[in-house]
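Heads up, final-v4.cif below (mmCIF, C-alpha atoms):
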data_query
#
loop_
_atom_site.label_atom_id
_atom_site.label_comp_id
_atom_site.auth_asym_id
_atom_site.auth_seq_id
_atom_site.Cartn_x
_atom_site.Cartn_y
_atom_site.Cartn_z
CA MET A 1 37.41 -134.98 47.79
CA LEU A 2 36.50 -133.13 44.60
CA GLY A 3 33.06 -134.58 44.80
CA GLY A 4 32.70 -133.22 48.32
CA MET A 5 33.82 -129.74 47.25
CA LYS A 6 31.31 -129.71 44.46
CA THR A 7 28.59 -130.69 46.86
CA THR A 8 29.55 -127.90 49.26
CA ILE A 9 29.57 -125.24 46.57
CA ARG A 10 26.27 -126.43 45.19
CA THR A 11 24.73 -126.41 48.63
CA GLY A 12 25.97 -122.86 49.30
CA LEU A 13 24.52 -121.57 46.08
CA THR A 14 21.23 -123.27 46.81
CA CYS A 15 20.91 -121.67 50.26
CA ARG A 16 21.56 -118.08 49.14
CA ARG A 17 18.38 -116.23 48.20
CA PRO A 18 18.43 -113.61 45.44
CA ARG A 19 17.97 -110.00 46.63
CA ARG A 20 14.79 -109.58 44.67
CA ASP A 21 13.06 -112.26 46.79
CA ARG A 22 13.68 -110.39 50.05
CA GLY A 23 11.31 -107.76 51.57
CA PHE A 24 11.95 -104.04 52.01
CA THR A 25 14.31 -102.87 54.70
CA LEU A 26 13.17 -100.48 57.41
CA TRP A 27 15.27 -97.73 55.85
CA GLU A 28 13.62 -98.19 52.45
CA ILE A 29 10.17 -98.00 54.02
CA MET A 30 11.10 -94.85 55.91
CA VAL A 31 12.38 -93.19 52.73
CA VAL A 32 9.14 -94.02 50.90
CA LEU A 33 7.04 -92.64 53.78
CA MET A 34 9.09 -89.47 53.84
CA ILE A 35 8.54 -88.96 50.10
CA ILE A 36 4.78 -89.54 50.47
CA GLY A 37 4.63 -87.09 53.38
CA LEU A 38 6.50 -84.46 51.37
CA VAL A 39 4.16 -84.85 48.40
CA VAL A 40 1.09 -84.53 50.65
CA ALA A 41 2.54 -81.51 52.49
CA ILE A 42 3.15 -79.70 49.21
CA GLY A 43 0.12 -80.92 47.26
CA TYR A 44 -2.68 -80.59 49.83
CA PRO A 45 -2.53 -76.79 50.27
CA MET A 46 -2.44 -76.36 46.50
CA MET A 47 -5.39 -78.70 46.06
CA ARG A 48 -7.34 -76.92 48.80
CA ARG A 49 -6.70 -73.52 47.22
CA SER A 50 -7.89 -74.86 43.88
CA LEU A 51 -11.06 -76.22 45.47
CA VAL A 52 -11.82 -72.91 47.21
CA ARG A 53 -11.45 -70.97 43.96
CA ALA A 54 -13.36 -73.52 41.91
CA ARG A 55 -16.27 -73.68 44.38
CA MET A 56 -16.61 -69.91 44.48
CA MET A 57 -16.25 -69.28 40.75
CA SER A 58 -18.66 -72.07 39.83
CA GLN A 59 -21.38 -70.30 41.84
CA VAL A 60 -20.45 -66.95 40.32
CA GLY A 61 -20.80 -68.60 36.93
CA VAL A 62 -24.29 -69.84 37.83
CA LEU A 63 -25.40 -66.30 38.71
CA LYS A 64 -23.89 -64.79 35.56
CA GLN A 65 -25.67 -67.45 33.53
CA ALA A 66 -28.97 -66.49 35.16
CA VAL A 67 -28.43 -62.86 34.10
CA ALA A 68 -27.56 -63.89 30.54
CA VAL A 69 -30.63 -66.13 30.21
CA ALA A 70 -33.00 -63.48 31.63
CA ARG A 71 -31.66 -60.74 29.36
CA ALA A 72 -31.65 -62.96 26.26
CA THR A 73 -35.25 -63.97 26.92
CA ALA A 74 -36.32 -60.33 27.28
CA LEU A 75 -34.64 -59.45 23.98
CA ARG A 76 -36.05 -62.45 22.17
CA HIS A 77 -39.65 -61.82 23.22
CA GLY A 78 -39.45 -58.04 23.43
CA ASP A 79 -41.01 -58.18 26.88
CA GLY A 80 -40.05 -57.68 30.50
CA VAL A 81 -38.21 -60.42 32.41
CA ALA A 82 -37.63 -60.22 36.16
CA LEU A 83 -34.69 -61.89 37.91
CA ARG A 84 -34.78 -62.34 41.69
CA PHE A 85 -31.44 -62.67 43.51
CA LEU A 86 -32.36 -62.02 47.15
CA ASP A 87 -35.50 -62.75 49.15
CA GLY A 88 -34.93 -59.51 51.08
CA ASN A 89 -32.42 -56.78 51.69
CA ALA A 90 -30.18 -58.97 53.87
CA ALA A 91 -27.50 -61.62 53.48
CA GLN A 92 -28.69 -65.17 52.89
CA HIS A 93 -26.96 -68.55 52.75
CA GLY A 94 -27.59 -70.13 49.41
CA GLY A 95 -31.08 -70.03 48.02
CA GLN A 96 -32.67 -70.06 44.61
CA VAL A 97 -32.37 -67.43 41.90
CA VAL A 98 -35.53 -67.26 39.79
CA ALA A 99 -36.32 -65.60 36.46
CA TRP A 100 -39.77 -65.16 34.99
CA VAL A 101 -41.62 -63.32 32.24
CA ASP A 102 -42.93 -60.09 33.77
CA GLY A 103 -45.09 -58.55 31.10
CA ASN A 104 -46.70 -55.96 33.36
CA GLN A 105 -43.31 -55.23 35.00
CA ASN A 106 -44.67 -55.34 38.55
CA GLY A 107 -41.91 -57.59 39.89
CA ALA A 108 -44.28 -60.46 40.70
CA VAL A 109 -45.19 -63.72 39.01
CA ASP A 110 -48.81 -63.32 37.89
CA PHE A 111 -50.09 -66.77 36.96
CA PRO A 112 -51.25 -67.91 34.46
CA ASP A 113 -50.22 -65.03 32.20
CA GLU A 114 -46.58 -65.04 33.31
CA SER A 115 -44.31 -68.06 33.49
CA VAL A 116 -41.03 -68.97 35.19
CA ILE A 117 -38.24 -69.37 32.63
CA GLY A 118 -35.43 -70.55 34.90
CA LYS A 119 -34.32 -71.48 38.39
CA TRP A 120 -30.70 -71.63 39.59
CA THR A 121 -29.75 -73.10 42.96
CA VAL A 122 -26.97 -71.53 45.02
CA LYS A 123 -25.23 -73.78 47.55
CA GLU A 124 -25.61 -73.20 51.29
CA ARG A 125 -21.88 -72.54 51.75
CA ILE A 126 -22.16 -69.53 49.44
CA ILE A 127 -23.52 -66.30 50.89
CA LEU A 128 -25.44 -63.79 48.78
CA LYS A 129 -25.33 -60.24 50.12
CA PRO A 130 -26.66 -56.84 49.06
CA ASP A 131 -24.18 -54.08 48.26
CA ALA A 132 -25.08 -51.03 50.36
CA ALA A 133 -23.54 -48.71 47.78
CA ASN A 134 -25.38 -50.33 44.85
CA LEU A 135 -28.66 -51.73 46.12
CA LEU A 136 -30.61 -53.87 43.69
CA TYR A 137 -34.06 -53.02 42.38
CA THR A 138 -36.97 -53.92 44.67
CA LEU A 139 -39.25 -56.53 43.12
CA ASP A 140 -42.45 -57.88 44.65
CA GLY A 141 -42.44 -57.46 48.43
CA ALA A 142 -38.92 -57.15 49.82
CA ALA A 143 -37.20 -59.22 47.12
CA ARG A 144 -34.22 -57.71 45.33
CA GLY A 145 -33.21 -58.26 41.75
CA VAL A 146 -33.24 -56.90 38.21
CA LEU A 147 -35.98 -56.20 35.67
CA PHE A 148 -34.83 -56.59 32.07
CA LEU A 149 -36.72 -54.75 29.36
CA GLY A 150 -37.40 -55.87 25.82
CA ASN A 151 -34.77 -53.52 24.38
CA GLY A 152 -31.93 -55.04 26.45
CA THR A 153 -31.71 -52.33 29.08
CA ALA A 154 -32.62 -52.96 32.70
CA ILE A 155 -33.89 -51.54 35.95
CA SER A 156 -31.19 -52.71 38.32
CA SER A 157 -30.75 -50.00 40.93
CA ALA A 158 -32.94 -49.28 43.95
CA SER A 159 -33.89 -45.92 42.42
CA GLY A 160 -35.98 -47.73 39.82
CA SER A 161 -34.52 -45.70 36.96
CA VAL A 162 -34.79 -47.36 33.55
CA GLY A 163 -31.39 -47.81 31.91
CA VAL A 164 -29.64 -45.63 34.49
CA GLY A 165 -27.37 -46.66 37.34
CA GLN A 166 -26.37 -50.11 38.52
CA GLY A 167 -27.28 -52.69 41.11
CA ALA A 168 -24.91 -55.18 42.68
CA LEU A 169 -24.92 -58.59 44.30
CA ILE A 170 -21.99 -59.68 46.49
CA VAL A 171 -21.11 -63.36 46.44
CA SER A 172 -19.13 -64.55 49.46
CA ASP A 173 -17.82 -67.84 50.84
CA THR A 174 -16.82 -69.17 54.27
CA ASN A 175 -13.24 -67.97 53.72
CA GLN A 176 -14.43 -64.36 53.36
CA ASN A 177 -13.70 -64.12 49.67
CA ASP A 178 -16.03 -61.55 48.07
CA VAL A 179 -16.90 -61.22 44.39
CA ARG A 180 -19.23 -58.41 43.32
CA LEU A 181 -21.51 -58.70 40.31
CA LEU A 182 -22.59 -55.27 39.04
CA VAL A 183 -25.59 -55.32 36.70
CA MET A 184 -25.36 -52.26 34.47
CA ALA A 185 -28.80 -50.81 33.79
CA GLY A 186 -27.79 -49.22 30.48
CA THR A 187 -26.68 -52.47 28.85
CA GLY A 188 -28.09 -55.17 31.14
CA THR A 189 -24.65 -56.76 31.33
CA VAL A 190 -22.55 -57.87 34.31
CA VAL A 191 -19.24 -56.42 35.49
CA GLN A 192 -17.26 -58.61 37.90
CA HIS A 193 -14.96 -57.42 40.70
CA MET A 194 -13.15 -59.01 43.64
CA TRP A 195 -12.58 -57.41 47.03
CA ASP A 196 -8.98 -56.49 47.79
CA PRO A 197 -8.77 -56.70 51.62
CA GLU A 198 -5.33 -55.11 51.79
CA ASN A 199 -6.23 -51.92 49.93
CA GLN A 200 -9.94 -52.03 50.86
CA VAL A 201 -11.13 -51.58 47.27
CA TRP A 202 -12.93 -53.56 44.58
CA SER A 203 -10.55 -54.77 41.89
CA ASP A 204 -10.92 -56.08 38.35
CA GLU A 205 -8.35 -58.77 39.19
CA LEU A 206 -9.33 -62.13 40.71
CA ARG A 207 -6.22 -62.74 42.81
CA PHE A 208 -7.11 -61.74 46.38
CA TRP A 209 -8.00 -65.18 47.66
CA ARG A 210 -8.18 -66.20 51.32
CA TYR A 211 -7.89 -69.86 52.31
#
Translate the structure of the given file into structure tokens.
Amino acid sequence: MLGGMKTTIRTGLTCRRPRRDRGFTLWEIMVVLMIIGLVVAIGYPMMRRSLVRARMMSQVGVLKQAVAVARATALRHGDGVALRFLDGNAAQHGGQVVAWVDGNQNGAVDFPDESVIGKWTVKERIILKPDAANLLYTLDGAARGVLFLGNGTAISSASGSVGVGQGALIVSDTNQNDVRLLVMAGTGTVVQHMWDPENQVWSDELRFWRY
């Protein structure tokens, strides 16, 4: 009889499977899915906002770099350097910003005496627009841009005045975020603003994002 009891107990222990060998229950799976959904719901908008800002500001950085390179080259060689932002006085999707040595300061590339010193590509999703209140200097043909002089000043406004006034380029994206780059003729430097749609003004702060 004792032998039989031992056999029964041993058999019972053998048949029971430890919990760790079993699969997940439906409730456990549902809890995991709910947690994943919550993380995605919270994280995706934040990630998308970060991407919008990063995409826009990377292109703004490219344009500011073009200004810095053109001005530095003019100072280094003591000669004129032209920088073309727009092919005409109208908005354009993407394009190529070009800088070249412009010794005769006529706003055109006169080969072989003048050479291109840099090209910067702007993505198609970014829109470059003229600023009606601060039109850029007219280069060769209808192109708009800036002419840097050897002393560090610039001709940046449509008036063509040396070292006086300012010309601006508006950088926009598909979410209608606008950043304005003002090129100051007196110093040849860039001042950056962002459009505040609520107050309808340009602001020094970069916090008026649309997504």
Using all atoms listed in the file, the shortest atom-to-atom distance to Ser115 in chain A among A:Ala82, A:Val32, A:Val67, A:Leu135 belongs to A:Ala82
message = What's around range 40-49 of chain A at 12 Å? Count only C-alpha atoms, leave out sequence neighbours fewer than 3 positions away in its own chain, and write the answer as a VMD selection string.
response = chain A and resid 33 to 37 52 to 56 175 177 207 to 211
Writing out the chosen residues with C-alpha atoms as a PDB file, in the coordinates of the input:
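The resulting selection26.pdb:
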ATOM      1  CA  LEU A  33       7.040 -92.640  53.780  1.00  0.00           C
ATOM      2  CA  MET A  34       9.090 -89.470  53.840  1.00  0.00           C
ATOM      3  CA  ILE A  35       8.540 -88.960  50.100  1.00  0.00           C
ATOM      4  CA  ILE A  36       4.780 -89.540  50.470  1.00  0.00           C
ATOM      5  CA  GLY A  37       4.630 -87.090  53.380  1.00  0.00           C
ATOM      6  CA  VAL A  52     -11.820 -72.910  47.210  1.00  0.00           C
ATOM      7  CA  ARG A  53     -11.450 -70.970  43.960  1.00  0.00           C
ATOM      8  CA  ALA A  54     -13.360 -73.520  41.910  1.00  0.00           C
ATOM      9  CA  ARG A  55     -16.270 -73.680  44.380  1.00  0.00           C
ATOM     10  CA  MET A  56     -16.610 -69.910  44.480  1.00  0.00           C
ATOM     11  CA  ASN A 175     -13.240 -67.970  53.720  1.00  0.00           C
ATOM     12  CA  ASN A 177     -13.700 -64.120  49.670  1.00  0.00           C
ATOM     13  CA  ARG A 207      -6.220 -62.740  42.810  1.00  0.00           C
ATOM     14  CA  PHE A 208      -7.110 -61.740  46.380  1.00  0.00           C
ATOM     15  CA  TRP A 209      -8.000 -65.180  47.660  1.00  0.00           C
ATOM     16  CA  ARG A 210      -8.180 -66.200  51.320  1.00  0.00           C
ATOM     17  CA  TYR A 211      -7.890 -69.860  52.310  1.00  0.00           C
TER      18      TYR A 211
END
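If only C-alpha atoms are the atoms counted, then among A:Leu63, A:Val183, A:Leu147, A:Leu75 the closest residue to Leu128 in chain A is A:Leu63.
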Report as a short mmCIF file (atom, residue, chain, number, x, y, z; two decimals) with C-alpha atoms, keeping the file's coordinate frame the full result of the PyMOL selection byres ((chain A and resi 116-120) around 8) when it is applied to this structure.
data_model
loop_
_atom_site.label_atom_id
_atom_site.label_comp_id
_atom_site.auth_asym_id
_atom_site.auth_seq_id
_atom_site.Cartn_x
_atom_site.Cartn_y
_atom_site.Cartn_z
CA VAL A 62 -24.29 -69.84 37.83
CA LEU A 63 -25.40 -66.30 38.71
CA ALA A 66 -28.97 -66.49 35.16
CA ALA A 70 -33.00 -63.48 31.63
CA GLN A 96 -32.67 -70.06 44.61
CA VAL A 97 -32.37 -67.43 41.90
CA VAL A 98 -35.53 -67.26 39.79
CA ALA A 99 -36.32 -65.60 36.46
CA TRP A 100 -39.77 -65.16 34.99
CA VAL A 101 -41.62 -63.32 32.24
CA VAL A 109 -45.19 -63.72 39.01
CA GLU A 114 -46.58 -65.04 33.31
CA SER A 115 -44.31 -68.06 33.49
CA THR A 121 -29.75 -73.10 42.96
CA VAL A 122 -26.97 -71.53 45.02
#
Pull out every residue that the PyMOL selection byres ((chain A and resi 102-106) around 6) matches in the shown coordinates and put them as a CSV table (one decimal) with C-alpha atoms, in the frame of the given file.
chain,number,residue,atom,x,y,z
A,79,ASP,CA,-41.0,-58.2,26.9
A,80,GLY,CA,-40.0,-57.7,30.5
A,81,VAL,CA,-38.2,-60.4,32.4
A,82,ALA,CA,-37.6,-60.2,36.2
A,101,VAL,CA,-41.6,-63.3,32.2
A,107,GLY,CA,-41.9,-57.6,39.9
A,108,ALA,CA,-44.3,-60.5,40.7
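Going from CA of Val171 in chain A to CA of Leu206 in chain A covers 13.2 Å.
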Translate the PyMOL selection byres ((chain A and resi 87) around 8) into a concrete residue list for this structure, as a ChimeraX atom specification. /A:84-86,88-89,142-144
For Glu124 in chain A, the closest of A:Thr138, A:Gln59, A:Val146, A:Gly186 counting only C-alpha atoms is A:Gln59
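Compared by their closest atoms to Ala68 in chain A, and using all atoms listed in the file, the residues A:Phe148, A:Asn134, A:Val179, A:Asp140 rank with A:Phe148 nearest.
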Correct to one decimal, the distance CA of Val201 in chain A-CA of Thr187 in chain A is 24.1 Å
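As for CA of Met184 in chain A and CA of Leu149 in chain A, they are spaced 12.7 Å apart.
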